[in-house]
Amino acid sequence: MASLPATNGKNVIAPHTVILGAGASIAMTRLNAEKFGKELPSMDNLVEKVGLAPLLDKNGIDYYGKNFESLFSEIKEDLSKEEIAQQIEKQIYDYFANMEISDELTIYDYLVMSLSNNDAIATFNWDPFLIQALARCSRFTHNLPRVIHLHGNTGLGVCYDDSVVGHINALCSTCKNPFEPTKLLYPIGKKDYTSDPLIKNEWEILKAYIEESFYITIFGYSAPVSDIEAKTLLLEVWEKNASKGLAQIEIVDIKSKEDLYETWQDFIVRDHYYVSNNIFDSYLFRYPRRSCAAFFEMVGMLRPKKPNPFPKLMTVEELYHWAKPLIDEEESGVKYSFNVLKGETK
Ligand SMILES: [Zn+2]
C-alpha cells in the first residue's frame, strides 16, 4: 500500500483529497482559454475536435451521432481494427499533449496552492493543465499536494525501470534518462485500472489518501454512474475510513443538488455533504490550506473559524505571496493557531 507523507508531529491533520473530472478542466478553460485557443473535447464532440473524421471515413467506420465512448468500445472489441484503434489513440494523445495552460492565473493554480503536502489531488483528465499548474507553483514552494493521475496523463512522464514519474519534459531522478509518455486509459465501457502498473499504482495512492481523508472535494466528476469500476474502488476504501462519520464530502458541479445527491448518495454519511456550483464558493477555497483543520474545529470542537478566502489575484507569484504566511506556519511545526487568518481571533 502506498504510504502517506509523514506529519511533523504537531499538525497531525488528516488529508484533504480532491477528485477532478472533465467538468473541472472545462470550468478552468471557460475562465482562462487554453493558450493556443484549443478546446477540450467531450465524448460527444471528440471526433470533430480531435479531427478523427478523415481516419474513420477512410476505414468505413460510421461515427455519425455516436458518443465516442461507445464508438471506441466497438472499435476495441473488433480485433481486425487494432491498427485503427492505435492510430486513434495516438491522435488523441497528441491533441491533449499539445494543450497548454493559459499564462493567466487559473483555477488550477488556486487549486494547487489551496492544499499542502499533506493533501492530494487526483484527476481523471488527460489534459496537462494540472501538472503544468503544479510545475509553475513549485517554482515558489514544494509544499504542495500530491497529484495523482487516474487515467494516465499527457503532461506526465514515467520511467518504468525505476518506478519514477514526473513532468513529461523532466528527467528521471534515478537514471537521469528522459521519461516515456504515460499510457492513457482510453474510453471504453469497462475500465481496467489494474493492468498498467503506473495506473494501478496511482489508484493505490489515491486509495491510501481516501482511507485517511477528513475532507473530500469532488470537482466536475460525475462518472460513478457510468464507471462502475471507479465507483467500486472508491467506495470500498471510503468504507474503511475511520473518521467517515465526521468527515465531509463536498461536490462542486453545475448539476442540480438533487442529481448530485443521487450520484453520490452511497458515499454520503447522513447529511455530511455540501454542494456548490462554483469552486470559489467551496470550503476548499474559503479555507485554503486549512480546510481539514477548520472543519475539525467546527464539527469536533464546536469552534467555527472565519473563512480566509482567496482574494482575486493576477499571477502565480501573487498567489504564492498570499499563501506564504500559511506555508510558513505549516513549516514552523507550530500547531495551527488560525491567527494567520485575516480578522481571526484565537
Ligand atoms: Zn529511471
# chains A, B, ... in the order shown; residues from 1 in each chain; ligands from 1
call {"tool": "residues_around", "arguments": {"residues": "A:Glu69", "least_positions_apart": "2", "cutoff": "9 Å", "atoms": "only C-alpha atoms", "output": "compact mmCIF listing (two decimals) with all heavy atoms, in the first residue's frame"}}
result
# COMPACT_ATOMS: atom_id res chain seq x y z
N MET A 43 -17.06 13.68 -24.83
CA MET A 43 -17.28 12.40 -25.51
C MET A 43 -18.26 12.57 -26.70
O MET A 43 -18.31 11.75 -27.59
CB MET A 43 -17.83 11.35 -24.53
CG MET A 43 -16.77 10.85 -23.56
SD MET A 43 -15.39 10.03 -24.40
CE MET A 43 -14.01 10.78 -23.57
N ASP A 44 -19.03 13.67 -26.68
CA ASP A 44 -19.99 13.88 -27.77
C ASP A 44 -19.39 14.60 -28.98
O ASP A 44 -19.93 14.52 -30.08
CB ASP A 44 -21.21 14.67 -27.25
CG ASP A 44 -22.01 13.83 -26.26
OD1 ASP A 44 -22.12 12.60 -26.49
OD2 ASP A 44 -22.48 14.40 -25.26
N LYS A 66 -22.73 9.30 -32.83
CA LYS A 66 -22.37 8.34 -31.76
C LYS A 66 -21.52 9.02 -30.69
O LYS A 66 -20.64 9.81 -31.01
CB LYS A 66 -21.57 7.17 -32.33
CG LYS A 66 -22.43 6.16 -33.07
CD LYS A 66 -21.59 4.93 -33.42
CE LYS A 66 -22.38 3.99 -34.32
NZ LYS A 66 -21.57 2.94 -34.90
N ASN A 67 -21.76 8.64 -29.45
CA ASN A 67 -20.90 9.05 -28.35
C ASN A 67 -19.56 8.34 -28.51
O ASN A 67 -19.51 7.16 -28.87
CB ASN A 67 -21.59 8.64 -27.04
CG ASN A 67 -20.70 8.77 -25.83
OD1 ASN A 67 -19.76 7.99 -25.65
ND2 ASN A 67 -20.99 9.74 -25.00
N LEU A 71 -18.52 4.34 -29.41
CA LEU A 71 -17.87 4.10 -30.70
C LEU A 71 -16.51 3.41 -30.49
O LEU A 71 -16.20 2.40 -31.13
CB LEU A 71 -17.66 5.44 -31.42
CG LEU A 71 -16.84 5.42 -32.71
CD1 LEU A 71 -17.61 4.73 -33.83
CD2 LEU A 71 -16.46 6.84 -33.15
N PHE A 72 -15.72 3.93 -29.55
CA PHE A 72 -14.37 3.40 -29.34
C PHE A 72 -14.44 1.99 -28.71
O PHE A 72 -13.61 1.14 -29.02
CB PHE A 72 -13.55 4.36 -28.48
CG PHE A 72 -12.08 4.05 -28.50
CD1 PHE A 72 -11.35 4.17 -29.66
CD2 PHE A 72 -11.42 3.63 -27.35
CE1 PHE A 72 -9.99 3.86 -29.70
CE2 PHE A 72 -10.07 3.32 -27.37
CZ PHE A 72 -9.35 3.44 -28.55
N SER A 73 -15.42 1.76 -27.87
CA SER A 73 -15.61 0.41 -27.30
C SER A 73 -15.84 -0.61 -28.43
O SER A 73 -15.26 -1.69 -28.44
CB SER A 73 -16.81 0.37 -26.36
OG SER A 73 -16.59 1.20 -25.25
N GLU A 74 -16.67 -0.23 -29.42
CA GLU A 74 -16.94 -1.13 -30.57
C GLU A 74 -15.66 -1.41 -31.35
O GLU A 74 -15.38 -2.54 -31.73
CB GLU A 74 -17.94 -0.48 -31.54
CG GLU A 74 -19.39 -0.51 -31.10
CD GLU A 74 -20.26 0.38 -32.00
OE1 GLU A 74 -19.91 0.56 -33.19
OE2 GLU A 74 -21.27 0.90 -31.48
N TYR A 186 -7.99 4.84 -22.39
CA TYR A 186 -8.92 5.36 -23.39
C TYR A 186 -10.34 4.95 -23.04
O TYR A 186 -10.55 3.98 -22.31
CB TYR A 186 -8.51 4.89 -24.78
CG TYR A 186 -7.25 5.59 -25.21
CD1 TYR A 186 -6.00 5.00 -25.02
CD2 TYR A 186 -7.30 6.87 -25.72
CE1 TYR A 186 -4.84 5.67 -25.35
CE2 TYR A 186 -6.13 7.54 -26.06
CZ TYR A 186 -4.91 6.94 -25.88
OH TYR A 186 -3.76 7.62 -26.19
N PRO A 187 -11.30 5.70 -23.54
CA PRO A 187 -12.68 5.48 -23.08
C PRO A 187 -13.31 4.21 -23.64
O PRO A 187 -13.57 4.11 -24.83
CB PRO A 187 -13.42 6.72 -23.60
CG PRO A 187 -12.63 7.17 -24.77
CD PRO A 187 -11.21 6.79 -24.50
N ILE A 188 -13.50 3.27 -22.78
CA ILE A 188 -14.28 2.08 -23.11
C ILE A 188 -15.22 1.84 -21.95
O ILE A 188 -14.99 2.33 -20.84
CB ILE A 188 -13.39 0.84 -23.35
CG1 ILE A 188 -12.36 0.68 -22.23
CG2 ILE A 188 -12.70 0.90 -24.70
CD1 ILE A 188 -11.67 -0.65 -22.20
N GLY A 189 -16.30 1.12 -22.19
CA GLY A 189 -17.33 0.93 -21.19
C GLY A 189 -16.78 0.39 -19.87
O GLY A 189 -17.01 0.95 -18.81
call {"tool": "select_by_dssp", "arguments": {"residues": "stretch 76-306 of chain A", "states": "helix (DSSP H, G or I)", "output": "ChimeraX atom specification"}}
result
/A:76-77,79-97,107-113,129-137,197-212,223-225,228-239,257-264,279-281,283-286,291-301
call {"tool": "residues_around", "arguments": {"residues": "stretch 280-296 of chain A", "least_positions_apart": "5", "cutoff": "8 Å", "atoms": "only C-alpha atoms", "output": "list of chain:residue names"}}
result
A:Ile13, A:Ala14, A:Pro15, A:His16, A:Tyr110, A:Leu111, A:Met113, A:Ser114, A:Leu115, A:Ser116, A:Phe214, A:Tyr215, A:Thr217, A:Glu250, A:Val252, A:Met301, A:Pro304, A:Lys305, A:Pro307, A:Asn308, A:Pro309, A:Phe310, A:Leu326, A:Tyr336
call {"tool": "closest_residue", "arguments": {"among": "A:Ala242, A:Leu233, A:Ile84, A:Leu130", "to": "A:Ile61", "atoms": "only C-alpha atoms"}}
result
A:Ile84
call {"tool": "select_by_dssp", "arguments": {"residues": "stretch 84-292 of chain A", "states": "strand (DSSP E or B)", "output": "count of residues only"}}
result
36
call {"tool": "closest_atom_pairs", "arguments": {"of": "chain A", "to": "ligand 1", "cutoff": "9 Å", "atoms": "only C-alpha atoms and all ligand atoms", "output": "Markdown table"}}
result
| residue | atom | partner | partner_atom_place_in_ligand_line | distance |
| --- | --- | --- | --- | --- |
| A:Val158 | CA | ligand 1 | 1 (Zn) | 8.0 |
| A:Cys159 | CA | ligand 1 | 1 (Zn) | 4.7 |
| A:Tyr160 | CA | ligand 1 | 1 (Zn) | 7.0 |
| A:Asp161 | CA | ligand 1 | 1 (Zn) | 5.7 |
| A:Asp162 | CA | ligand 1 | 1 (Zn) | 4.6 |
| A:Ser163 | CA | ligand 1 | 1 (Zn) | 7.2 |
| A:Val164 | CA | ligand 1 | 1 (Zn) | 6.4 |
| A:Val165 | CA | ligand 1 | 1 (Zn) | 8.9 |
| A:Leu171 | CA | ligand 1 | 1 (Zn) | 7.8 |
| A:Cys172 | CA | ligand 1 | 1 (Zn) | 4.6 |
| A:Ser173 | CA | ligand 1 | 1 (Zn) | 6.6 |
| A:Thr174 | CA | ligand 1 | 1 (Zn) | 5.0 |
| A:Cys175 | CA | ligand 1 | 1 (Zn) | 4.0 |
| A:Lys176 | CA | ligand 1 | 1 (Zn) | 6.1 |
| A:Asn177 | CA | ligand 1 | 1 (Zn) | 5.9 |
| A:Pro178 | CA | ligand 1 | 1 (Zn) | 7.9 |
| A:Phe179 | CA | ligand 1 | 1 (Zn) | 7.5 |
call {"tool": "residues_around", "arguments": {"residues": "stretch 219-230 of chain A", "least_positions_apart": "5", "cutoff": "9 Å", "atoms": "only C-alpha atoms", "output": "list in words"}}
result
Val18, Ile19, Leu20, Gly21, Ala22, Gly23, Ala24, Ser25, Ile26, Ala27, Phe124, Gly189, Lys190, Lys191, Asp192, Tyr193, Leu235, Glu250, Ile251, Val252, Asp253, Ile254, Leu260, Thr263, Trp264 and Ile279 of chain A
call {"tool": "residues_around", "arguments": {"residues": "stretch 79-83 of chain A", "least_positions_apart": "3", "cutoff": "12 Å", "atoms": "only C-alpha atoms", "output": "mmCIF file with all heavy atoms, in the first residue's frame"}}
result
data_model
loop_
_atom_site.group_PDB
_atom_site.id
_atom_site.type_symbol
_atom_site.label_atom_id
_atom_site.label_comp_id
_atom_site.auth_asym_id
_atom_site.auth_seq_id
_atom_site.Cartn_x
_atom_site.Cartn_y
_atom_site.Cartn_z
ATOM 1 N N LEU A 55 -9.792 9.791 -40.664
ATOM 2 C CA LEU A 55 -9.320 8.432 -40.358
ATOM 3 C C LEU A 55 -10.502 7.454 -40.304
ATOM 4 O O LEU A 55 -10.429 6.343 -40.853
ATOM 5 C CB LEU A 55 -8.570 8.451 -39.019
ATOM 6 C CG LEU A 55 -8.066 7.118 -38.484
ATOM 7 C CD1 LEU A 55 -6.988 6.543 -39.393
ATOM 8 C CD2 LEU A 55 -7.510 7.285 -37.066
ATOM 9 N N LEU A 56 -11.577 7.870 -39.674
ATOM 10 C CA LEU A 56 -12.751 6.999 -39.547
ATOM 11 C C LEU A 56 -13.415 6.811 -40.906
ATOM 12 O O LEU A 56 -13.788 5.692 -41.291
ATOM 13 C CB LEU A 56 -13.743 7.573 -38.525
ATOM 14 C CG LEU A 56 -13.203 7.673 -37.093
ATOM 15 C CD1 LEU A 56 -14.157 8.456 -36.194
ATOM 16 C CD2 LEU A 56 -12.961 6.289 -36.493
ATOM 17 N N ASN A 59 -11.625 4.388 -43.167
ATOM 18 C CA ASN A 59 -11.765 2.988 -42.768
ATOM 19 C C ASN A 59 -13.227 2.531 -42.706
ATOM 20 O O ASN A 59 -13.519 1.463 -42.167
ATOM 21 C CB ASN A 59 -11.079 2.764 -41.418
ATOM 22 C CG ASN A 59 -9.559 2.839 -41.566
ATOM 23 O OD1 ASN A 59 -8.920 1.906 -42.027
ATOM 24 N ND2 ASN A 59 -8.986 3.987 -41.218
ATOM 25 N N GLY A 60 -14.109 3.368 -43.260
ATOM 26 C CA GLY A 60 -15.522 2.988 -43.359
ATOM 27 C C GLY A 60 -16.198 2.800 -42.004
ATOM 28 O O GLY A 60 -17.106 1.964 -41.866
ATOM 29 N N ILE A 61 -15.772 3.565 -41.008
ATOM 30 C CA ILE A 61 -16.392 3.444 -39.681
ATOM 31 C C ILE A 61 -17.443 4.544 -39.514
ATOM 32 O O ILE A 61 -17.138 5.731 -39.655
ATOM 33 C CB ILE A 61 -15.319 3.531 -38.569
ATOM 34 C CG1 ILE A 61 -14.358 2.349 -38.704
ATOM 35 C CG2 ILE A 61 -15.966 3.551 -37.183
ATOM 36 C CD1 ILE A 61 -13.117 2.447 -37.847
ATOM 37 N N PHE A 72 -15.719 3.933 -29.552
ATOM 38 C CA PHE A 72 -14.372 3.398 -29.338
ATOM 39 C C PHE A 72 -14.439 1.992 -28.709
ATOM 40 O O PHE A 72 -13.605 1.140 -29.025
ATOM 41 C CB PHE A 72 -13.548 4.361 -28.480
ATOM 42 C CG PHE A 72 -12.081 4.049 -28.497
ATOM 43 C CD1 PHE A 72 -11.351 4.167 -29.665
ATOM 44 C CD2 PHE A 72 -11.425 3.626 -27.352
ATOM 45 C CE1 PHE A 72 -9.989 3.863 -29.701
ATOM 46 C CE2 PHE A 72 -10.069 3.317 -27.368
ATOM 47 C CZ PHE A 72 -9.352 3.443 -28.549
ATOM 48 N N SER A 73 -15.425 1.760 -27.866
ATOM 49 C CA SER A 73 -15.609 0.409 -27.304
ATOM 50 C C SER A 73 -15.841 -0.606 -28.430
ATOM 51 O O SER A 73 -15.261 -1.692 -28.439
ATOM 52 C CB SER A 73 -16.812 0.367 -26.355
ATOM 53 O OG SER A 73 -16.586 1.195 -25.251
ATOM 54 N N GLU A 74 -16.670 -0.231 -29.423
ATOM 55 C CA GLU A 74 -16.944 -1.131 -30.569
ATOM 56 C C GLU A 74 -15.663 -1.406 -31.352
ATOM 57 O O GLU A 74 -15.381 -2.536 -31.729
ATOM 58 C CB GLU A 74 -17.942 -0.478 -31.541
ATOM 59 C CG GLU A 74 -19.385 -0.515 -31.098
ATOM 60 C CD GLU A 74 -20.259 0.377 -31.997
ATOM 61 O OE1 GLU A 74 -19.913 0.565 -33.187
ATOM 62 O OE2 GLU A 74 -21.268 0.899 -31.479
ATOM 63 N N ILE A 75 -14.875 -0.340 -31.584
ATOM 64 C CA ILE A 75 -13.631 -0.497 -32.356
ATOM 65 C C ILE A 75 -12.655 -1.406 -31.598
ATOM 66 O O ILE A 75 -12.028 -2.290 -32.182
ATOM 67 C CB ILE A 75 -12.996 0.892 -32.646
ATOM 68 C CG1 ILE A 75 -13.915 1.703 -33.558
ATOM 69 C CG2 ILE A 75 -11.608 0.749 -33.265
ATOM 70 C CD1 ILE A 75 -13.521 3.163 -33.740
ATOM 71 N N LYS A 76 -12.547 -1.219 -30.282
ATOM 72 C CA LYS A 76 -11.608 -2.018 -29.484
ATOM 73 C C LYS A 76 -12.003 -3.493 -29.439
ATOM 74 O O LYS A 76 -11.143 -4.379 -29.332
ATOM 75 C CB LYS A 76 -11.536 -1.485 -28.044
ATOM 76 C CG LYS A 76 -10.757 -0.201 -27.899
ATOM 77 C CD LYS A 76 -9.278 -0.331 -28.203
ATOM 78 C CE LYS A 76 -8.462 -0.627 -26.970
ATOM 79 N NZ LYS A 76 -7.008 -0.528 -27.269
ATOM 80 N N GLN A 86 -5.107 1.990 -32.590
ATOM 81 C CA GLN A 86 -3.825 2.602 -32.187
ATOM 82 C C GLN A 86 -3.644 3.988 -32.794
ATOM 83 O O GLN A 86 -3.142 4.900 -32.143
ATOM 84 C CB GLN A 86 -2.659 1.707 -32.620
ATOM 85 C CG GLN A 86 -2.484 0.512 -31.701
ATOM 86 C CD GLN A 86 -1.436 -0.471 -32.212
ATOM 87 O OE1 GLN A 86 -0.732 -0.194 -33.180
ATOM 88 N NE2 GLN A 86 -1.350 -1.616 -31.576
ATOM 89 N N GLN A 87 -4.076 4.132 -34.070
ATOM 90 C CA GLN A 87 -3.961 5.450 -34.716
ATOM 91 C C GLN A 87 -4.852 6.473 -34.015
ATOM 92 O O GLN A 87 -4.469 7.633 -33.832
ATOM 93 C CB GLN A 87 -4.335 5.347 -36.200
ATOM 94 C CG GLN A 87 -3.275 4.610 -37.004
ATOM 95 C CD GLN A 87 -3.724 4.312 -38.434
ATOM 96 O OE1 GLN A 87 -4.864 4.549 -38.815
ATOM 97 N NE2 GLN A 87 -2.824 3.774 -39.223
ATOM 98 N N ILE A 88 -6.055 6.026 -33.627
ATOM 99 C CA ILE A 88 -6.978 6.921 -32.908
ATOM 100 C C ILE A 88 -6.344 7.342 -31.579
ATOM 101 O O ILE A 88 -6.328 8.519 -31.222
ATOM 102 C CB ILE A 88 -8.341 6.224 -32.667
ATOM 103 C CG1 ILE A 88 -9.058 6.007 -33.989
ATOM 104 C CG2 ILE A 88 -9.212 7.032 -31.701
ATOM 105 C CD1 ILE A 88 -10.314 5.146 -33.890
ATOM 106 N N GLU A 89 -5.798 6.364 -30.863
ATOM 107 C CA GLU A 89 -5.184 6.658 -29.560
ATOM 108 C C GLU A 89 -4.056 7.674 -29.713
ATOM 109 O O GLU A 89 -3.932 8.606 -28.928
ATOM 110 C CB GLU A 89 -4.662 5.366 -28.917
ATOM 111 C CG GLU A 89 -5.783 4.454 -28.448
ATOM 112 C CD GLU A 89 -5.293 3.152 -27.822
ATOM 113 O OE1 GLU A 89 -4.068 2.959 -27.732
ATOM 114 O OE2 GLU A 89 -6.154 2.330 -27.431
ATOM 115 N N LYS A 90 -3.235 7.488 -30.749
ATOM 116 C CA LYS A 90 -2.099 8.396 -30.941
ATOM 117 C C LYS A 90 -2.587 9.818 -31.227
ATOM 118 O O LYS A 90 -2.057 10.793 -30.687
ATOM 119 C CB LYS A 90 -1.199 7.898 -32.079
ATOM 120 C CG LYS A 90 0.014 8.786 -32.226
ATOM 121 C CD LYS A 90 1.040 8.305 -33.212
ATOM 122 C CE LYS A 90 2.270 9.208 -33.234
ATOM 123 N NZ LYS A 90 2.015 10.648 -33.199
#
call {"tool": "atom_distance", "arguments": {"atom1": "atom CA of A:Tyr93", "atom2": "atom CA of A:Pro181"}}
result
9.5 Å
call {"tool": "residues_around", "arguments": {"residues": "stretch 29-31 of chain A", "least_positions_apart": "2", "cutoff": "12 Å", "atoms": "only C-alpha atoms", "output": "ChimeraX atom specification"}}
result
/A:22-27,33-41,99-108,127,129-130,278-279
call {"tool": "write_last_selection", "arguments": {"atoms": "N, CA, C and O atoms", "output": "CSV table (one decimal), in the first residue's frame"}}
result
chain,number,residue,atom,x,y,z
A,22,ALA,N,-13.8,15.8,-15.8
A,22,ALA,CA,-13.8,16.7,-17.0
A,22,ALA,C,-14.4,18.1,-16.7
A,22,ALA,O,-13.9,19.1,-17.2
A,23,GLY,N,-15.4,18.2,-15.8
A,23,GLY,CA,-16.0,19.4,-15.5
A,23,GLY,C,-15.1,20.5,-15.0
A,23,GLY,O,-15.2,21.7,-15.1
A,24,ALA,N,-14.0,20.0,-14.3
A,24,ALA,CA,-13.1,20.9,-13.7
A,24,ALA,C,-12.2,21.6,-14.7
A,24,ALA,O,-12.0,22.8,-14.7
A,25,SER,N,-11.7,20.8,-15.7
A,25,SER,CA,-10.9,21.4,-16.8
A,25,SER,C,-11.8,22.3,-17.7
A,25,SER,O,-11.3,23.3,-18.2
A,26,ILE,N,-13.1,21.9,-17.8
A,26,ILE,CA,-14.0,22.7,-18.6
A,26,ILE,C,-14.2,24.1,-17.9
A,26,ILE,O,-14.1,25.1,-18.6
A,27,ALA,N,-14.4,24.0,-16.6
A,27,ALA,CA,-14.6,25.3,-15.8
A,27,ALA,C,-13.3,26.1,-16.0
A,27,ALA,O,-13.4,27.4,-16.1
A,33,ALA,N,-8.9,30.7,-21.4
A,33,ALA,CA,-8.8,29.9,-22.5
A,33,ALA,C,-7.5,29.2,-22.6
A,33,ALA,O,-6.5,29.7,-22.1
A,34,GLU,N,-7.4,28.0,-23.2
A,34,GLU,CA,-6.1,27.3,-23.4
A,34,GLU,C,-5.2,28.3,-24.2
A,34,GLU,O,-5.7,29.1,-25.0
A,35,LYS,N,-4.0,28.2,-24.0
A,35,LYS,CA,-3.0,29.2,-24.5
A,35,LYS,C,-3.1,29.4,-26.0
A,35,LYS,O,-3.0,30.5,-26.5
A,36,PHE,N,-3.4,28.3,-26.8
A,36,PHE,CA,-3.5,28.4,-28.2
A,36,PHE,C,-4.9,28.4,-28.7
A,36,PHE,O,-5.2,28.2,-29.9
A,37,GLY,N,-5.9,28.6,-27.8
A,37,GLY,CA,-7.3,28.6,-28.2
A,37,GLY,C,-7.9,27.2,-28.5
A,37,GLY,O,-9.0,27.1,-29.0
A,38,LYS,N,-7.1,26.1,-28.2
A,38,LYS,CA,-7.7,24.8,-28.4
A,38,LYS,C,-8.8,24.5,-27.4
A,38,LYS,O,-8.7,25.0,-26.2
A,39,GLU,N,-9.8,23.7,-27.8
A,39,GLU,CA,-10.9,23.4,-26.9
A,39,GLU,C,-10.8,22.0,-26.4
A,39,GLU,O,-10.4,21.1,-27.1
A,40,LEU,N,-11.3,21.8,-25.1
A,40,LEU,CA,-11.4,20.5,-24.6
A,40,LEU,C,-12.5,19.7,-25.2
A,40,LEU,O,-13.7,20.2,-25.2
A,41,PRO,N,-12.3,18.6,-25.8
A,41,PRO,CA,-13.4,17.8,-26.4
A,41,PRO,C,-14.2,17.1,-25.3
A,41,PRO,O,-13.7,16.8,-24.2
A,99,MET,N,-1.8,20.7,-25.6
A,99,MET,CA,-2.5,21.8,-24.9
A,99,MET,C,-1.6,22.4,-23.9
A,99,MET,O,-0.8,21.8,-23.3
A,100,GLU,N,-1.8,23.7,-23.7
A,100,GLU,CA,-1.0,24.4,-22.7
A,100,GLU,C,-1.9,25.3,-21.8
A,100,GLU,O,-2.8,26.0,-22.4
A,101,ILE,N,-1.6,25.3,-20.5
A,101,ILE,CA,-2.4,26.2,-19.6
A,101,ILE,C,-2.2,27.7,-20.0
A,101,ILE,O,-1.1,28.1,-20.5
A,102,SER,N,-3.2,28.4,-19.8
A,102,SER,CA,-3.2,29.9,-20.0
A,102,SER,C,-2.1,30.5,-19.2
A,102,SER,O,-1.7,30.0,-18.1
A,103,ASP,N,-1.5,31.6,-19.8
A,103,ASP,CA,-0.5,32.3,-19.0
A,103,ASP,C,-1.1,33.0,-17.8
A,103,ASP,O,-0.4,33.4,-16.8
A,104,GLU,N,-2.4,33.3,-17.8
A,104,GLU,CA,-3.1,33.9,-16.7
A,104,GLU,C,-3.2,33.0,-15.5
A,104,GLU,O,-3.1,31.8,-15.7
A,105,LEU,N,-3.5,33.5,-14.3
A,105,LEU,CA,-3.7,32.7,-13.2
A,105,LEU,C,-5.0,31.9,-13.4
A,105,LEU,O,-6.1,32.5,-13.7
A,106,THR,N,-5.0,30.6,-13.1
A,106,THR,CA,-6.2,29.8,-13.4
A,106,THR,C,-6.7,29.1,-12.1
A,106,THR,O,-6.0,29.1,-11.1
A,107,ILE,N,-7.9,28.6,-12.3
A,107,ILE,CA,-8.5,27.8,-11.1
A,107,ILE,C,-7.5,26.7,-10.7
A,107,ILE,O,-7.4,26.4,-9.5
A,108,TYR,N,-6.8,26.1,-11.6
A,108,TYR,CA,-5.8,25.0,-11.3
A,108,TYR,C,-4.7,25.5,-10.4
A,108,TYR,O,-4.2,24.8,-9.6
A,127,ASP,N,-5.8,16.0,-20.0
A,127,ASP,CA,-5.1,17.3,-20.3
A,127,ASP,C,-4.0,17.6,-19.3
A,127,ASP,O,-4.1,17.2,-18.1
A,129,PHE,N,-3.1,20.4,-17.8
A,129,PHE,CA,-3.2,21.7,-17.1
A,129,PHE,C,-2.8,21.6,-15.7
A,129,PHE,O,-2.2,22.5,-15.1
A,130,LEU,N,-3.3,20.5,-15.0
A,130,LEU,CA,-3.0,20.4,-13.6
A,130,LEU,C,-1.5,20.3,-13.3
A,130,LEU,O,-0.9,21.0,-12.4
A,278,ASN,N,-19.7,26.6,-7.8
A,278,ASN,CA,-18.6,27.5,-8.2
A,278,ASN,C,-17.5,27.1,-7.2
A,278,ASN,O,-17.6,27.2,-6.0
A,279,ILE,N,-16.3,26.8,-7.8
A,279,ILE,CA,-15.2,26.3,-6.9
A,279,ILE,C,-14.8,27.5,-5.9
A,279,ILE,O,-14.3,27.2,-4.8
call {"tool": "atom_distance", "arguments": {"atom1": "atom CA of A:Thr17", "atom2": "atom CA of A:Ala247"}}
result
11.5 Å
call {"tool": "closest_atom_pairs", "arguments": {"of": "stretch 278-337 of chain A", "to": "stretch 135-143 of chain A", "cutoff": "8 Å", "atoms": "only C-alpha atoms", "output": "JSON lines"}}
result
{"residue": "A:Val316", "atom": "CA", "partner": "A:Cys137", "partner_atom": "CA", "distance": 6.5}
{"residue": "A:Glu317", "atom": "CA", "partner": "A:Phe140", "partner_atom": "CA", "distance": 7.4}
{"residue": "A:Tyr320", "atom": "CA", "partner": "A:Phe140", "partner_atom": "CA", "distance": 6.7}
{"residue": "A:Ile327", "atom": "CA", "partner": "A:Asn143", "partner_atom": "CA", "distance": 7.3}
call {"tool": "write_last_selection", "arguments": {"atoms": "C-alpha atoms", "output": "short mmCIF file (atom, residue, chain, number, x, y, z; two decimals), in the first residue's frame"}}
result
data_model
loop_
_atom_site.label_atom_id
_atom_site.label_comp_id
_atom_site.auth_asym_id
_atom_site.auth_seq_id
_atom_site.Cartn_x
_atom_site.Cartn_y
_atom_site.Cartn_z
CA VAL A 316 1.21 32.76 -9.54
CA GLU A 317 3.76 34.86 -7.66
CA TYR A 320 2.29 32.34 -3.50
CA ILE A 327 3.01 27.87 4.38
#
call {"tool": "atom_distance", "arguments": {"atom1": "atom CA of A:Arg146", "atom2": "atom CA of A:Asp328"}}
result
18.8 Å
call {"tool": "closest_residue", "arguments": {"among": "A:Asn241, A:Ala170, A:Phe68, A:Ile131", "to": "A:Asn45", "atoms": "only C-alpha atoms"}}
result
A:Phe68
call {"tool": "residues_around", "arguments": {"residues": "A:Leu234", "least_positions_apart": "6", "cutoff": "9 Å", "atoms": "only C-alpha atoms", "output": "PyMOL selection string"}}
result
chain A and resi 206-207+210+267
